[in-house]
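See structure below.
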Amino acid sequence: MSRFPASQTAGAEDHSSFAETIGVSFVGPAVILTGAFIASRVVGLARDVAITAEFGTSLDYDLWAAAFRLPDTIFNLLAGGALGSALIPVFARTLAESKRTALWRLSSAVGSLIVLVSGLAALALVVFAPRLTVIFPGFTGAEAERLVGLVRILALSPVLFALGEVTRRSLNTLQHFLAPALGLVLYNAAILVAALTVARGDSGVSGLAVGAVIGAGLYVLIQVPALIARDARYTPRLGLRDTDVLDIVRLMGPRLIGQGVVHLNILLTASIASVLPDGRLSALNYAWQLMMLPLGIFGMSLADAIFPTFASLAARGRSEVLGRTSGQMLGLVLFLTVPAAVGLAIAGRPFVTTLYERGAFSAESTALTAAALSWYALGLPAHAALEILTRSFFALHDTRTPVVVGVIAMVSYVALALLLVGRLEHVALALALSLVTTVEAAVLFVLLQRRLPGLASNDLLKSVLRTALAAGSLVIVLMIVAGVGGILPPSETAPLATLVRRVGHTLALAGLGALVYGLVAWLLGAPELALVRARLPGKRRH
């Protein structure tokens, strides 16, 4: 059993139960997924840097961002959150009740069915793409024709990702996380290579679309060796009368409705942004990608790692432990994402400047992106909390509650965005999303606490208070730095000198923030800090 070394930090032994309750089975997946997410986001940042230098906040990138929404919506409706939330509990139950061969038989049926359905949807997307451009009224004439071409290239990607999602969840059920996680790295790498090569020629953003399809194929292929090593056997069948398949479809139903509303509103966001001046949709997309860095590392990866444990606890009827574990995971993701939110909200501009401001990405592009990032960042802790809260509901085989709350939240988001967009332009969309997501997370927490009384424990309250105090100290320090003009990075005449100084300035700013937050958290005796240190390589006993 993993234990905290006594010398790690003051009071670490007092908090050993915090780590032990979460479970050793969480440690390996968390380390693997967090490492893979970091690698994926590093490659993703390199991808974005290459893209921004070539396209900036231009009409070309606006078209790419809009075109990407349509196939992405197909994937997320058919094989994204809805399918994933249904597969893990049923797969876990099948594995617990039967041999591994039963899992592969069920996986074969689900994979065949989802590829068939997503393939038909992709074909419809290709055929009806010209009519679907009305979703983006800001693009007309030649712009609409280019949009259609991009959509048709990207249409194959949701089919590949749908297949990869089924194999990923199968492997996750068997506590294997590495291959699927590396698949996301390869996906970003494929787009990066495309951005550095074919996208710089006459193909432009069409080259990015080709890279995305190749990356989706690599996402599937890298999982094949892991499947073979675990004796995976594909059985050609749809399993339309299989009880487990029907259970998955039943669990997907409410979640599918929720996903439909969510992604309808994502499309509406792009639709609204398409009628704003050129570059606003691009700025929103770049800002969202930057916010996804801490959300992916500290929210999504940890939630993915703990979900099989949630499902296992629920399947064994251990609701008290599930509630306590969910509360501890909430405290952990808030501990990690709140300082990131503070940093991006107050000091987001130097990060945007350092990463993106070169080539076609101008100072105006930086201002547009940083403004959106500041407001997106306010909702970062809520987005991370939702990752834990929704998976807790899914583990209980309750997909209806998150869906109902999500539907209300997303309708509210669109209404608020439309109300504000006339005065705030693209910033209104980021602000509206953060406000509504925060309320959504709070409502789900209250509802989950009724199902899992151990969720709202004194330990969670203390964790939130410690995080708030440490984050408050970080705010004060960053405001002082801003007051003396230390937030914005320096500029030089020589491009290389500018880059070197900007990188140094940004790293120093991030280091100062991490030092202040970490020191205050340590003084407050935050057990999350000890847990994070215990999960670092070389910090665990075996």
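As shown in the structure tokens, the chain order sets the letters A, B, ...; within each chain, residues go from 1, and ligands are also counted from 1 in the order they appear.
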With segment 230-251 of chain A as the partner and 12 Å as the cut-off, tabulate the residues of segment 343-419 of chain A that qualify, each row holding the nearest pair of atoms and their distance in Å to one decimal, using only C-alpha atoms, sorted by chain and rising number, as CSV.
residue,atom,partner,partner_atom,distance
A:Phe393,CA,A:Leu251,CA,11.4
A:Phe394,CA,A:Leu251,CA,8.6
A:Ala395,CA,A:Leu251,CA,10.8
A:Leu396,CA,A:Leu251,CA,10.7
A:His397,CA,A:Leu251,CA,7.0
A:Asp398,CA,A:Leu251,CA,7.7
A:Thr399,CA,A:Leu251,CA,6.4
A:Arg400,CA,A:Leu251,CA,8.5
A:Thr401,CA,A:Leu251,CA,11.8
A:Val403,CA,A:Leu251,CA,11.3
Any chance you can output those residues with N, CA and C atoms as a PDB file, in the first residue's frame?
ATOM      1  N   PHE A 393     -22.160  11.009 -10.333  1.00  0.00           N
ATOM      2  CA  PHE A 393     -23.528  10.655 -10.728  1.00  0.00           C
ATOM      3  C   PHE A 393     -23.533   9.471 -11.690  1.00  0.00           C
ATOM      4  N   PHE A 394     -22.618   9.500 -12.659  1.00  0.00           N
ATOM      5  CA  PHE A 394     -22.577   8.415 -13.647  1.00  0.00           C
ATOM      6  C   PHE A 394     -22.256   7.077 -12.986  1.00  0.00           C
ATOM      7  N   ALA A 395     -21.372   7.107 -11.991  1.00  0.00           N
ATOM      8  CA  ALA A 395     -21.029   5.872 -11.283  1.00  0.00           C
ATOM      9  C   ALA A 395     -22.252   5.281 -10.586  1.00  0.00           C
ATOM     10  N   LEU A 396     -23.172   6.151 -10.192  1.00  0.00           N
ATOM     11  CA  LEU A 396     -24.417   5.714  -9.558  1.00  0.00           C
ATOM     12  C   LEU A 396     -25.479   5.340 -10.589  1.00  0.00           C
ATOM     13  N   HIS A 397     -25.087   5.294 -11.848  1.00  0.00           N
ATOM     14  CA  HIS A 397     -25.995   5.018 -12.965  1.00  0.00           C
ATOM     15  C   HIS A 397     -27.089   6.081 -13.068  1.00  0.00           C
ATOM     16  N   ASP A 398     -26.772   7.287 -12.619  1.00  0.00           N
ATOM     17  CA  ASP A 398     -27.711   8.404 -12.721  1.00  0.00           C
ATOM     18  C   ASP A 398     -27.174   9.405 -13.736  1.00  0.00           C
ATOM     19  N   THR A 399     -27.628   9.271 -14.975  1.00  0.00           N
ATOM     20  CA  THR A 399     -27.240  10.240 -16.002  1.00  0.00           C
ATOM     21  C   THR A 399     -28.287  11.336 -16.151  1.00  0.00           C
ATOM     22  N   ARG A 400     -29.453  11.123 -15.580  1.00  0.00           N
ATOM     23  CA  ARG A 400     -30.557  12.068 -15.761  1.00  0.00           C
ATOM     24  C   ARG A 400     -30.308  13.395 -15.034  1.00  0.00           C
ATOM     25  N   THR A 401     -29.863  13.313 -13.787  1.00  0.00           N
ATOM     26  CA  THR A 401     -29.698  14.533 -12.993  1.00  0.00           C
ATOM     27  C   THR A 401     -28.701  15.512 -13.610  1.00  0.00           C
ATOM     28  N   VAL A 403     -27.902  15.769 -16.616  1.00  0.00           N
ATOM     29  CA  VAL A 403     -28.455  16.209 -17.896  1.00  0.00           C
ATOM     30  C   VAL A 403     -29.469  17.326 -17.691  1.00  0.00           C
TER      31      VAL A 403
END
Distance table requested - segment 359-422 of chain A against segment 47-54 of chain A, cut-off 9 Å, only C-alpha atoms: one row per qualifying residue with the closest atom pair and its distance in Å to one decimal, ordered by chain and rising residue number, as JSON lines.
{"residue": "A:Gly359", "atom": "CA", "partner": "A:Ala53", "partner_atom": "CA", "distance": 4.5}
{"residue": "A:Ala360", "atom": "CA", "partner": "A:Ala53", "partner_atom": "CA", "distance": 5.1}
{"residue": "A:Phe361", "atom": "CA", "partner": "A:Ala53", "partner_atom": "CA", "distance": 5.7}
Please dump the current selection as a tab-separated table (two decimals), in the first residue's frame; keep C-alpha atoms.
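Done, and the output landed in result34.tsv:
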chain	number	residue	atom	x	y	z
A	359	GLY	CA	4.19	36.11	-37.19
A	360	ALA	CA	0.54	36.71	-38.07
A	361	PHE	CA	-0.45	36.88	-34.40
Between A:Leu419, A:Leu184, A:Val110, A:Ala155, which one has atoms that come closest to Phe75 of chain A, using only C-alpha atoms? A:Ala155
For each of A:Val414, A:Leu322, A:Ile38, A:Leu83, take the minimum atom-to-atom distance to Ala456 of chain A, counting only C-alpha atoms, then give the residue where this is smallest. A:Leu322
Give the answer as one residue: which of A:Ile114, A:Val159, A:Ala526, A:Ala382 has the shortest atom-to-atom distance to Asp459 of chain A, using only C-alpha atoms? A:Ala526
Restricting to only C-alpha atoms, whichever of A:Ala468, A:Ala530, A:Ala36, A:Ile476 is closest to Val516 of chain A is A:Ile476
Name the closest residue to Ile257 of chain A among the candidates A:Leu429, A:Leu182, A:Val220, A:Ile408; distances are taken between atoms, counting only C-alpha atoms.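 Of A:Leu429, A:Leu182, A:Val220, A:Ile408, the one nearest Ile257 of chain A is A:Ile408, counting only C-alpha atoms.
Take the candidates A:Leu59, A:Val42, A:Ala430, A:Ile388 and check each one against Ser301 of chain A using only C-alpha atoms; the shortest distance goes to A:Ile388.
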Segment 330-342 of chain A: which residues within 8 Å, counting only C-alpha atoms, same-chain residues fewer than 3 positions away excluded, as an mmCIF file with N, CA and C atoms, in the first residue's frame?
data_model
loop_
_atom_site.group_PDB
_atom_site.id
_atom_site.type_symbol
_atom_site.label_atom_id
_atom_site.label_comp_id
_atom_site.auth_asym_id
_atom_site.auth_seq_id
_atom_site.Cartn_x
_atom_site.Cartn_y
_atom_site.Cartn_z
ATOM 1 N N PRO A 294 -4.672 23.778 -17.922
ATOM 2 C CA PRO A 294 -4.846 23.346 -16.525
ATOM 3 C C PRO A 294 -6.075 22.465 -16.323
ATOM 4 N N LEU A 295 -7.137 22.691 -17.099
ATOM 5 C CA LEU A 295 -8.329 21.855 -16.943
ATOM 6 C C LEU A 295 -8.031 20.407 -17.320
ATOM 7 N N PHE A 298 -5.308 19.036 -14.511
ATOM 8 C CA PHE A 298 -5.748 18.954 -13.121
ATOM 9 C C PHE A 298 -7.203 18.519 -12.950
ATOM 10 N N GLY A 299 -7.992 18.585 -13.995
ATOM 11 C CA GLY A 299 -9.392 18.220 -13.875
ATOM 12 C C GLY A 299 -9.743 16.956 -14.613
ATOM 13 N N LEU A 302 -7.465 13.677 -13.811
ATOM 14 C CA LEU A 302 -7.755 13.090 -12.502
ATOM 15 C C LEU A 302 -9.147 12.459 -12.475
ATOM 16 N N SER A 326 -15.335 11.125 -3.382
ATOM 17 C CA SER A 326 -15.733 12.207 -4.284
ATOM 18 C C SER A 326 -15.408 13.563 -3.668
ATOM 19 N N GLY A 327 -15.668 13.699 -2.360
ATOM 20 C CA GLY A 327 -15.351 14.950 -1.678
ATOM 21 C C GLY A 327 -13.866 15.241 -1.668
ATOM 22 N N ALA A 345 -6.414 34.681 -14.930
ATOM 23 C CA ALA A 345 -7.302 35.839 -14.902
ATOM 24 C C ALA A 345 -6.532 37.144 -14.736
ATOM 25 N N ILE A 346 -5.527 37.133 -13.872
ATOM 26 C CA ILE A 346 -4.786 38.363 -13.586
ATOM 27 C C ILE A 346 -3.585 38.532 -14.505
ATOM 28 N N ALA A 347 -2.902 37.440 -14.784
ATOM 29 C CA ALA A 347 -1.646 37.517 -15.541
ATOM 30 C C ALA A 347 -1.707 36.713 -16.825
ATOM 31 N N ALA A 377 -11.145 31.977 -17.483
ATOM 32 C CA ALA A 377 -10.420 31.459 -16.319
ATOM 33 C C ALA A 377 -11.264 31.480 -15.053
ATOM 34 N N LEU A 378 -12.174 32.429 -14.948
ATOM 35 C CA LEU A 378 -13.009 32.506 -13.752
ATOM 36 C C LEU A 378 -13.854 31.246 -13.563
ATOM 37 N N GLY A 379 -14.158 30.577 -14.648
ATOM 38 C CA GLY A 379 -14.958 29.362 -14.556
ATOM 39 C C GLY A 379 -14.154 28.083 -14.492
ATOM 40 N N LEU A 380 -12.824 28.193 -14.508
ATOM 41 C CA LEU A 380 -11.973 27.001 -14.519
ATOM 42 C C LEU A 380 -12.230 26.064 -13.334
ATOM 43 N N PRO A 381 -12.271 26.553 -12.080
ATOM 44 C CA PRO A 381 -12.537 25.625 -10.970
ATOM 45 C C PRO A 381 -13.888 24.927 -11.097
ATOM 46 N N ALA A 384 -13.638 22.113 -13.605
ATOM 47 C CA ALA A 384 -12.934 20.972 -13.013
ATOM 48 C C ALA A 384 -13.828 20.232 -12.021
ATOM 49 N N ALA A 385 -14.578 20.983 -11.218
ATOM 50 C CA ALA A 385 -15.488 20.354 -10.263
ATOM 51 C C ALA A 385 -16.559 19.538 -10.978
ATOM 52 N N ILE A 388 -15.607 15.947 -11.756
ATOM 53 C CA ILE A 388 -15.743 15.010 -10.638
ATOM 54 C C ILE A 388 -17.213 14.746 -10.311
ATOM 55 N N LEU A 389 -18.009 15.800 -10.248
ATOM 56 C CA LEU A 389 -19.410 15.663 -9.851
ATOM 57 C C LEU A 389 -20.201 14.805 -10.832
ATOM 58 N N LEU A 460 -13.803 18.531 3.529
ATOM 59 C CA LEU A 460 -13.951 19.284 2.283
ATOM 60 C C LEU A 460 -14.067 20.772 2.571
ATOM 61 N N SER A 463 -10.722 22.076 3.382
ATOM 62 C CA SER A 463 -9.910 22.109 2.167
ATOM 63 C C SER A 463 -10.222 23.346 1.337
ATOM 64 N N VAL A 464 -11.509 23.639 1.176
ATOM 65 C CA VAL A 464 -11.921 24.809 0.390
ATOM 66 C C VAL A 464 -11.439 26.095 1.055
ATOM 67 N N THR A 467 -7.708 26.464 0.491
ATOM 68 C CA THR A 467 -7.469 26.854 -0.897
ATOM 69 C C THR A 467 -7.795 28.327 -1.103
ATOM 70 N N ALA A 471 -5.141 31.092 -2.234
ATOM 71 C CA ALA A 471 -5.414 31.813 -3.477
ATOM 72 C C ALA A 471 -5.509 33.314 -3.230
ATOM 73 N N LEU A 474 -2.159 34.699 -3.228
ATOM 74 C CA LEU A 474 -1.664 34.775 -4.602
ATOM 75 C C LEU A 474 -2.215 36.001 -5.312
ATOM 76 N N VAL A 475 -3.497 36.299 -5.106
ATOM 77 C CA VAL A 475 -4.110 37.487 -5.717
ATOM 78 C C VAL A 475 -3.384 38.745 -5.265
ATOM 79 N N TYR A 517 1.725 30.443 -3.490
ATOM 80 C CA TYR A 517 0.576 29.569 -3.221
ATOM 81 C C TYR A 517 1.011 28.314 -2.468
ATOM 82 N N GLU A 528 -3.624 18.144 0.517
ATOM 83 C CA GLU A 528 -3.526 18.001 -0.936
ATOM 84 C C GLU A 528 -2.097 18.212 -1.414
#
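For the pair atom CA of Leu276 of chain A and atom CA of Tyr61 of chain A, the interatomic distance is 14.1 Å.
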For atom CA of Val210 of chain A and atom CA of Leu154 of chain A, quote the distance in Å rounded to one decimal. 7.3 Å
Would you mind listing what lies within 10 Å of Leu418 of chain A as JSON, numbers by chain, with only C-alpha atoms counted and same-chain residues fewer than 2 positions away left out? {"A": [269, 272, 412, 413, 414, 415, 416, 420, 421, 422, 423, 425, 428, 429, 432]}
Take the residues from that selection and put them in a file with N, CA and C atoms, as a JSON list (two decimals), in the first residue's frame.
[["chain", "number", "residue", "atom", "x", "y", "z"],
["A", 269, "THR", "N", -22.49, 29.32, -30.06],
["A", 269, "THR", "CA", -21.39, 30.23, -29.71],
["A", 269, "THR", "C", -20.59, 30.60, -30.95],
["A", 272, "ILE", "N", -22.73, 32.84, -33.20],
["A", 272, "ILE", "CA", -22.75, 34.24, -32.76],
["A", 272, "ILE", "C", -21.42, 34.91, -33.07],
["A", 412, "SER", "N", -29.54, 28.80, -20.21],
["A", 412, "SER", "CA", -29.25, 30.06, -19.51],
["A", 412, "SER", "C", -28.02, 30.73, -20.09],
["A", 413, "TYR", "N", -27.03, 29.91, -20.45],
["A", 413, "TYR", "CA", -25.80, 30.45, -21.04],
["A", 413, "TYR", "C", -26.08, 31.20, -22.34],
["A", 414, "VAL", "N", -26.84, 30.59, -23.22],
["A", 414, "VAL", "CA", -27.14, 31.23, -24.50],
["A", 414, "VAL", "C", -27.91, 32.53, -24.28],
["A", 415, "ALA", "N", -28.89, 32.49, -23.37],
["A", 415, "ALA", "CA", -29.68, 33.69, -23.10],
["A", 415, "ALA", "C", -28.80, 34.81, -22.56],
["A", 416, "LEU", "N", -27.92, 34.48, -21.63],
["A", 416, "LEU", "CA", -27.04, 35.49, -21.05],
["A", 416, "LEU", "C", -26.04, 36.01, -22.08],
["A", 420, "LEU", "N", -25.55, 39.94, -23.45],
["A", 420, "LEU", "CA", -24.33, 40.71, -23.22],
["A", 420, "LEU", "C", -23.50, 40.98, -24.46],
["A", 421, "VAL", "N", -23.69, 40.17, -25.53],
["A", 421, "VAL", "CA", -22.76, 40.22, -26.66],
["A", 421, "VAL", "C", -22.77, 41.56, -27.38],
["A", 422, "GLY", "N", -23.89, 42.26, -27.37],
["A", 422, "GLY", "CA", -23.96, 43.56, -28.04],
["A", 422, "GLY", "C", -23.02, 44.58, -27.44],
["A", 423, "ARG", "N", -22.79, 44.48, -26.13],
["A", 423, "ARG", "CA", -21.93, 45.45, -25.45],
["A", 423, "ARG", "C", -20.50, 44.95, -25.26],
["A", 425, "GLU", "N", -19.06, 42.14, -26.98],
["A", 425, "GLU", "CA", -18.57, 41.33, -28.10],
["A", 425, "GLU", "C", -18.20, 39.92, -27.62],
["A", 428, "ALA", "N", -18.29, 38.54, -23.94],
["A", 428, "ALA", "CA", -19.57, 38.17, -23.35],
["A", 428, "ALA", "C", -19.76, 36.66, -23.31],
["A", 429, "LEU", "N", -19.28, 35.98, -24.35],
["A", 429, "LEU", "CA", -19.44, 34.53, -24.42],
["A", 429, "LEU", "C", -18.62, 33.83, -23.34],
["A", 432, "ALA", "N", -20.27, 34.72, -19.82],
["A", 432, "ALA", "CA", -21.52, 34.01, -19.61],
["A", 432, "ALA", "C", -21.27, 32.54, -19.27]]
Give me the residues near Gly111 of chain A as a ChimeraX atom specification, where near means some atom within 9 Å (using only C-alpha atoms) and where sequence neighbours in that chain fewer than 2 positions away do not count. /A:106-109,113-116,162-167,238
Please write the residues from the selection above to a file, keeping C-alpha atoms, as a short mmCIF file (atom, residue, chain, number, x, y, z; two decimals), in the first residue's frame.
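Final output, selection27.cif:
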data_model
loop_
_atom_site.label_atom_id
_atom_site.label_comp_id
_atom_site.auth_asym_id
_atom_site.auth_seq_id
_atom_site.Cartn_x
_atom_site.Cartn_y
_atom_site.Cartn_z
CA LEU A 106 -19.57 -6.59 -25.25
CA SER A 107 -16.90 -4.18 -26.47
CA SER A 108 -17.14 -5.70 -29.96
CA ALA A 109 -20.89 -5.18 -30.08
CA LEU A 113 -22.75 -0.33 -33.41
CA ILE A 114 -21.10 3.01 -32.73
CA VAL A 115 -18.93 2.86 -35.87
CA LEU A 116 -22.02 2.10 -37.96
CA ALA A 162 -15.76 6.84 -31.92
CA LEU A 163 -13.95 3.53 -32.39
CA GLY A 164 -11.04 4.79 -30.29
CA GLU A 165 -13.39 5.80 -27.50
CA VAL A 166 -14.78 2.26 -27.17
CA THR A 167 -11.31 0.69 -27.09
CA LEU A 238 -24.26 -5.45 -33.12
#
Would you pick out the contacts of Ala371 of chain A at 9 Å or less, using only C-alpha atoms, so that residues sharing its chain but fewer than 2 positions from it are not included, and give the list as a PDB file with N, CA and C atoms, in the first residue's frame?
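selection.pdb, written as the output of this step:
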ATOM      1  N   ALA A 283     -10.013  34.240 -31.448  1.00  0.00           N
ATOM      2  CA  ALA A 283      -9.564  34.598 -30.103  1.00  0.00           C
ATOM      3  C   ALA A 283     -10.227  33.726 -29.048  1.00  0.00           C
ATOM      4  N   ALA A 287      -8.170  31.178 -26.607  1.00  0.00           N
ATOM      5  CA  ALA A 287      -8.312  31.341 -25.158  1.00  0.00           C
ATOM      6  C   ALA A 287      -8.818  30.055 -24.513  1.00  0.00           C
ATOM      7  N   ALA A 345      -6.414  34.681 -14.930  1.00  0.00           N
ATOM      8  CA  ALA A 345      -7.302  35.839 -14.902  1.00  0.00           C
ATOM      9  C   ALA A 345      -6.532  37.144 -14.736  1.00  0.00           C
ATOM     10  N   GLY A 348      -2.890  36.619 -17.418  1.00  0.00           N
ATOM     11  CA  GLY A 348      -3.025  35.842 -18.647  1.00  0.00           C
ATOM     12  C   GLY A 348      -2.337  36.460 -19.847  1.00  0.00           C
ATOM     13  N   ARG A 349      -2.286  37.790 -19.878  1.00  0.00           N
ATOM     14  CA  ARG A 349      -1.729  38.447 -21.067  1.00  0.00           C
ATOM     15  C   ARG A 349      -0.273  38.081 -21.336  1.00  0.00           C
ATOM     16  N   THR A 366      -3.297  39.415 -29.462  1.00  0.00           N
ATOM     17  CA  THR A 366      -3.008  39.143 -28.055  1.00  0.00           C
ATOM     18  C   THR A 366      -4.063  39.754 -27.153  1.00  0.00           C
ATOM     19  N   ALA A 367      -4.426  41.010 -27.424  1.00  0.00           N
ATOM     20  CA  ALA A 367      -5.421  41.692 -26.596  1.00  0.00           C
ATOM     21  C   ALA A 367      -6.772  40.984 -26.651  1.00  0.00           C
ATOM     22  N   LEU A 368      -7.188  40.566 -27.846  1.00  0.00           N
ATOM     23  CA  LEU A 368      -8.469  39.874 -27.999  1.00  0.00           C
ATOM     24  C   LEU A 368      -8.471  38.541 -27.255  1.00  0.00           C
ATOM     25  N   THR A 369      -7.384  37.794 -27.394  1.00  0.00           N
ATOM     26  CA  THR A 369      -7.303  36.470 -26.768  1.00  0.00           C
ATOM     27  C   THR A 369      -7.188  36.574 -25.252  1.00  0.00           C
ATOM     28  N   LEU A 373      -9.557  35.045 -22.329  1.00  0.00           N
ATOM     29  CA  LEU A 373      -8.945  34.108 -21.384  1.00  0.00           C
ATOM     30  C   LEU A 373      -9.232  34.503 -19.939  1.00  0.00           C
ATOM     31  N   SER A 374      -9.176  35.797 -19.646  1.00  0.00           N
ATOM     32  CA  SER A 374      -9.414  36.259 -18.276  1.00  0.00           C
ATOM     33  C   SER A 374     -10.789  35.839 -17.773  1.00  0.00           C
ATOM     34  N   TRP A 375     -11.784  35.939 -18.641  1.00  0.00           N
ATOM     35  CA  TRP A 375     -13.145  35.590 -18.225  1.00  0.00           C
ATOM     36  C   TRP A 375     -13.383  34.089 -18.274  1.00  0.00           C
ATOM     37  N   TYR A 376     -12.772  33.399 -19.217  1.00  0.00           N
ATOM     38  CA  TYR A 376     -12.852  31.938 -19.208  1.00  0.00           C
ATOM     39  C   TYR A 376     -12.253  31.376 -17.927  1.00  0.00           C
ATOM     40  N   HIS A 426     -17.031  39.418 -28.057  1.00  0.00           N
ATOM     41  CA  HIS A 426     -16.697  38.017 -27.788  1.00  0.00           C
ATOM     42  C   HIS A 426     -16.467  37.734 -26.308  1.00  0.00           C
ATOM     43  N   VAL A 427     -16.082  38.753 -25.551  1.00  0.00           N
ATOM     44  CA  VAL A 427     -15.857  38.567 -24.118  1.00  0.00           C
ATOM     45  C   VAL A 427     -17.143  38.122 -23.418  1.00  0.00           C
TER      46      VAL A 427
END
Work out how far atom CA of Gly217 of chain A is from atom CA of Leu78 of chain A, in Å to one decimal.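 Between atom CA of Leu78 of chain A and atom CA of Gly217 of chain A the gap is 17.7 Å.
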